[in-house]
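Undergrad: Pasting run_19.txt here (compact mmCIF, C-alpha atoms):
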# COMPACT_ATOMS: atom_id res chain seq x y z
CA MET O 1 -76.67 40.69 -15.75
CA GLU O 2 -77.09 41.19 -12.02
CA LEU O 3 -77.22 37.43 -11.42
CA ASP O 4 -73.92 36.95 -13.27
CA TYR O 5 -72.36 39.73 -11.21
CA GLU O 6 -73.63 38.17 -7.98
CA GLU O 7 -72.38 34.74 -9.06
CA GLY O 8 -68.96 36.22 -9.80
CA ILE O 9 -68.78 37.84 -6.38
CA GLU O 10 -69.81 34.60 -4.65
CA LEU O 11 -67.22 32.60 -6.58
CA TRP O 12 -64.57 35.17 -5.69
CA LYS O 13 -65.52 35.02 -2.01
CA ALA O 14 -65.31 31.22 -2.21
CA GLY O 15 -61.75 31.52 -3.53
CA ASP O 16 -62.38 30.54 -7.16
CA THR O 17 -60.84 33.62 -8.75
CA GLU O 18 -60.70 32.23 -12.28
CA ALA O 19 -64.41 31.28 -12.32
CA ALA O 20 -65.26 34.62 -10.71
CA ARG O 21 -63.35 36.44 -13.42
CA ASP O 22 -65.19 34.44 -16.11
CA ALA O 23 -68.61 35.17 -14.59
CA LEU O 24 -67.82 38.87 -14.30
CA ARG O 25 -66.54 39.04 -17.87
CA TYR O 26 -69.75 37.36 -18.99
CA ALA O 27 -71.71 40.04 -17.11
CA LEU O 28 -69.77 42.70 -19.05
CA GLN O 29 -70.92 41.15 -22.33
CA GLY O 30 -74.47 42.14 -21.40
CA CYS O 31 -73.54 45.55 -20.04
CA GLY O 32 -70.02 46.74 -20.77
CA ASP O 33 -70.55 49.96 -18.84
CA ASN O 34 -71.32 48.37 -15.47
CA LEU O 35 -69.28 50.15 -12.82
CA TRP O 36 -69.82 47.41 -10.23
CA VAL O 37 -68.38 44.74 -12.54
CA HIS O 38 -65.38 46.83 -13.59
CA VAL O 39 -64.60 47.60 -9.94
CA ALA O 40 -64.79 43.90 -9.04
CA LEU O 41 -62.52 42.94 -11.95
CA GLY O 42 -60.12 45.70 -10.92
CA ARG O 43 -59.96 44.36 -7.39
CA ILE O 44 -59.29 40.86 -8.68
CA ALA O 45 -56.52 42.21 -10.92
CA LEU O 46 -54.91 43.99 -7.95
CA GLU O 47 -55.07 40.77 -5.94
CA ASP O 48 -53.44 38.96 -8.87
CA ASN O 49 -50.64 41.56 -8.88
CA ASP O 50 -51.66 42.99 -12.25
CA PRO O 51 -51.91 46.73 -11.53
CA ALA O 52 -51.97 47.65 -15.23
CA LEU O 53 -55.12 45.59 -15.80
CA ALA O 54 -56.58 46.92 -12.55
CA ARG O 55 -55.88 50.48 -13.71
CA GLY O 56 -57.81 49.75 -16.90
CA HIS O 57 -60.91 48.49 -15.10
CA PHE O 58 -60.86 51.13 -12.36
CA GLY O 59 -60.04 53.87 -14.85
CA TYR O 60 -62.93 52.94 -17.12
CA ALA O 61 -65.36 52.86 -14.18
CA PHE O 62 -64.01 56.23 -13.00
CA GLU O 63 -64.49 57.76 -16.46
CA LEU O 64 -68.04 56.41 -16.73
CA ALA O 65 -68.99 57.91 -13.39
CA GLN O 66 -67.38 61.24 -14.22
CA ARG O 67 -69.42 61.44 -17.43
CA ALA O 68 -72.57 61.08 -15.35
CA LEU O 69 -71.74 64.24 -13.42
CA PRO O 70 -72.67 67.60 -14.90
CA PRO O 71 -69.75 69.73 -16.16
CA GLY O 72 -68.28 71.81 -13.36
CA PHE O 73 -69.98 69.73 -10.66
CA SER O 74 -69.03 71.14 -7.26
CA GLY O 75 -71.50 69.35 -5.02
CA ARG O 76 -71.08 66.46 -2.66
CA LEU O 77 -71.65 62.76 -3.25
CA PRO O 78 -72.43 60.95 -0.01
CA ARG O 79 -69.98 58.07 0.13
CA GLN O 80 -72.37 55.94 2.20
CA ARG O 81 -75.07 55.86 -0.50
CA PRO O 82 -74.97 52.50 -2.28
CA ALA O 83 -75.33 54.13 -5.71
CA ASN O 84 -72.19 56.23 -5.10
CA ARG O 85 -70.07 53.40 -3.75
CA PRO O 86 -68.72 52.09 -7.08
CA PHE O 87 -67.52 55.58 -8.02
CA PHE O 88 -65.56 55.93 -4.79
CA ASP O 89 -64.33 52.34 -5.08
CA ALA O 90 -63.14 53.11 -8.61
CA ILE O 91 -61.28 56.21 -7.42
CA GLU O 92 -59.63 54.32 -4.56
CA GLY O 93 -58.79 51.35 -6.78
CA LEU O 94 -57.37 53.58 -9.49
CA ALA O 95 -55.19 55.35 -6.92
CA ALA O 96 -54.01 51.99 -5.54
CA SER O 97 -53.22 50.85 -9.08
CA TYR O 98 -51.08 53.93 -9.69
CA ASP O 99 -49.31 53.36 -6.38
CA ALA O 100 -48.61 49.74 -7.34
CA LEU O 101 -47.25 50.95 -10.68
CA GLY O 102 -44.87 53.33 -8.88
CA GLN O 103 -46.79 56.45 -9.92
CA PRO O 104 -47.82 58.13 -6.65
CA ALA O 105 -48.07 61.52 -8.36
CA GLU O 106 -51.07 60.14 -10.27
CA SER O 107 -52.77 58.74 -7.16
CA ALA O 108 -52.62 61.86 -4.94
CA PRO O 109 -55.07 63.96 -7.01
CA LEU O 110 -57.52 61.06 -7.09
CA ARG O 111 -57.51 60.78 -3.32
CA ARG O 112 -58.03 64.55 -3.04
CA LEU O 113 -60.96 64.29 -5.47
CA ALA O 114 -62.56 61.55 -3.37
CA ALA O 115 -62.13 63.66 -0.23
CA ASP O 116 -63.58 66.73 -1.99
CA LEU O 117 -66.58 64.87 -3.38
CA SER O 118 -67.41 63.16 -0.11
CA GLY O 119 -67.04 66.37 1.88
CA ALA O 120 -64.09 65.05 3.90
CA ARG O 121 -62.36 68.40 3.38
CA PRO O 122 -63.45 71.80 2.11
CA ARG O 123 -63.64 71.81 -1.67
CA GLY O 124 -60.35 73.08 -3.03
CA GLY O 125 -58.98 73.60 0.46
CA PRO O 126 -55.89 72.12 2.01
CA PRO O 127 -55.86 68.49 3.08
CA PRO O 128 -56.99 67.84 6.63
CA GLY O 129 -54.32 67.79 9.30
CA PRO O 130 -52.19 70.10 11.38
CA ARG O 131 -51.38 73.47 9.91
CA PRO O 132 -48.01 75.17 10.22
Would you mind giving the structure from this file in structure tokens?

TA:
Amino acid sequence: MELDYEEGIELWKAGDTEAARDALRYALQGCGDNLWVHVALGRIALEDNDPALARGHFGYAFELAQRALPPGFSGRLPRQRPANRPFFDAIEGLAASYDALGQPAESAPLRRLAADLSGARPRGGPPPGPRP
């Protein structure tokens, strides 16, 4: 389904959102658990001002990636590794979806999780920035 995914991305870049959406949905028929495709569809939904649909795609990708982690995982996931990118994109997209839905209390923990996993701040520690 990689070719369908790539076609969808190319169509999206060319400005044909509807055809891109169709190609990406077709890719999901072959592999419904593809994080890359769900993230792309989530981004398209955000661009189309449909944060509820975006939340669904990003949320599903987020849940899939979380299931791949062992219970109690406390390690780091390098953000720059291509294999980790859709997980971080899903977290960021899900947080943006919640913000667009007027639910910032839902987005803040997601952004903290992304920072924790990437090592941007000490795990469980305060957010970076000046201290009182």

Undergrad: I need the residue nearest Asp99 in chain O from this list: O:Leu24, O:Ala65, O:Ala52, O:Ala114. Use only C-alpha atoms for the distance.

TA: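 Looking at the shortest contact to Asp99 in chain O, the residue is O:Ala52.
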
Undergrad: Take the point (-61.9, 34.7, -6.8) in the file's coordinates, draw a sphere of radius 12 Å around it, and report as an MDAnalysis selection string every protein, DNA or RNA residue with an atom inside or on it, counting only C-alpha atoms.

TA: chainID O and resid 7:24 40:48

Undergrad: Determine the nearest neighbour of Ala120 in chain O from the options O:Ala105, O:Met1, O:Pro86, O:Leu77, counting only C-alpha atoms.

TA: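 Distance minimum relative to Ala120 in chain O lands on O:Leu77.
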
Undergrad: Taking the point (-48.7, 53.1, -11.8) as given in the file, collect each protein or nucleic acid residue that comes within 12 Å of it, counting only C-alpha atoms, and present the set as a ChimeraX atom specification.

TA: /O:46,50-56,59,93-108

Undergrad: May I ask for the distance between CA of Ser118 in chain O and CA of Pro78 in chain O, given in Å to one decimal place?

TA: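 Rounded to one decimal, the two atoms are 5.5 Å apart.
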
Undergrad: For range 1-22 of chain O, which lacks atoms in the input, supply N, CA and C atoms and format the output as a CSV table (one decimal), in the frame of the given file.

TA:
chain,number,residue,atom,x,y,z
O,1,MET,N,-78.0,41.2,-16.0
O,1,MET,CA,-76.7,40.7,-15.8
O,1,MET,C,-76.3,40.7,-14.3
O,2,GLU,N,-77.3,41.1,-13.5
O,2,GLU,CA,-77.1,41.2,-12.0
O,2,GLU,C,-76.8,39.8,-11.4
O,3,LEU,N,-77.5,38.8,-11.9
O,3,LEU,CA,-77.2,37.4,-11.4
O,3,LEU,C,-75.8,37.0,-11.7
O,4,ASP,N,-75.3,37.3,-12.9
O,4,ASP,CA,-73.9,37.0,-13.3
O,4,ASP,C,-72.9,37.7,-12.4
O,5,TYR,N,-73.2,38.9,-12.1
O,5,TYR,CA,-72.4,39.7,-11.2
O,5,TYR,C,-72.3,39.1,-9.8
O,6,GLU,N,-73.5,38.8,-9.3
O,6,GLU,CA,-73.6,38.2,-8.0
O,6,GLU,C,-72.9,36.8,-7.9
O,7,GLU,N,-73.1,36.0,-9.0
O,7,GLU,CA,-72.4,34.7,-9.1
O,7,GLU,C,-70.9,35.0,-9.0
O,8,GLY,N,-70.4,35.9,-9.8
O,8,GLY,CA,-69.0,36.2,-9.8
O,8,GLY,C,-68.5,36.6,-8.4
O,9,ILE,N,-69.2,37.4,-7.7
O,9,ILE,CA,-68.8,37.8,-6.4
O,9,ILE,C,-68.8,36.6,-5.4
O,10,GLU,N,-69.8,35.8,-5.5
O,10,GLU,CA,-69.8,34.6,-4.6
O,10,GLU,C,-68.7,33.7,-4.9
O,11,LEU,N,-68.3,33.5,-6.2
O,11,LEU,CA,-67.2,32.6,-6.6
O,11,LEU,C,-65.9,33.2,-6.1
O,12,TRP,N,-65.8,34.5,-6.2
O,12,TRP,CA,-64.6,35.2,-5.7
O,12,TRP,C,-64.4,35.0,-4.2
O,13,LYS,N,-65.5,35.2,-3.5
O,13,LYS,CA,-65.5,35.0,-2.0
O,13,LYS,C,-65.2,33.6,-1.6
O,14,ALA,N,-65.6,32.6,-2.5
O,14,ALA,CA,-65.3,31.2,-2.2
O,14,ALA,C,-63.9,30.8,-2.6
O,15,GLY,N,-63.1,31.8,-3.2
O,15,GLY,CA,-61.8,31.5,-3.5
O,15,GLY,C,-61.5,31.0,-4.9
O,16,ASP,N,-62.5,31.0,-5.8
O,16,ASP,CA,-62.4,30.5,-7.2
O,16,ASP,C,-62.2,31.8,-8.1
O,17,THR,N,-61.1,32.4,-8.0
O,17,THR,CA,-60.8,33.6,-8.8
O,17,THR,C,-61.1,33.5,-10.3
O,18,GLU,N,-60.6,32.4,-10.8
O,18,GLU,CA,-60.7,32.2,-12.3
O,18,GLU,C,-62.2,32.2,-12.7
O,19,ALA,N,-63.0,31.4,-12.0
O,19,ALA,CA,-64.4,31.3,-12.3
O,19,ALA,C,-65.1,32.6,-12.1
O,20,ALA,N,-64.7,33.3,-11.0
O,20,ALA,CA,-65.3,34.6,-10.7
O,20,ALA,C,-65.0,35.6,-11.9
O,21,ARG,N,-63.7,35.6,-12.3
O,21,ARG,CA,-63.4,36.4,-13.4
O,21,ARG,C,-64.2,36.1,-14.7
O,22,ASP,N,-64.4,34.8,-14.9
O,22,ASP,CA,-65.2,34.4,-16.1
O,22,ASP,C,-66.6,34.9,-16.0
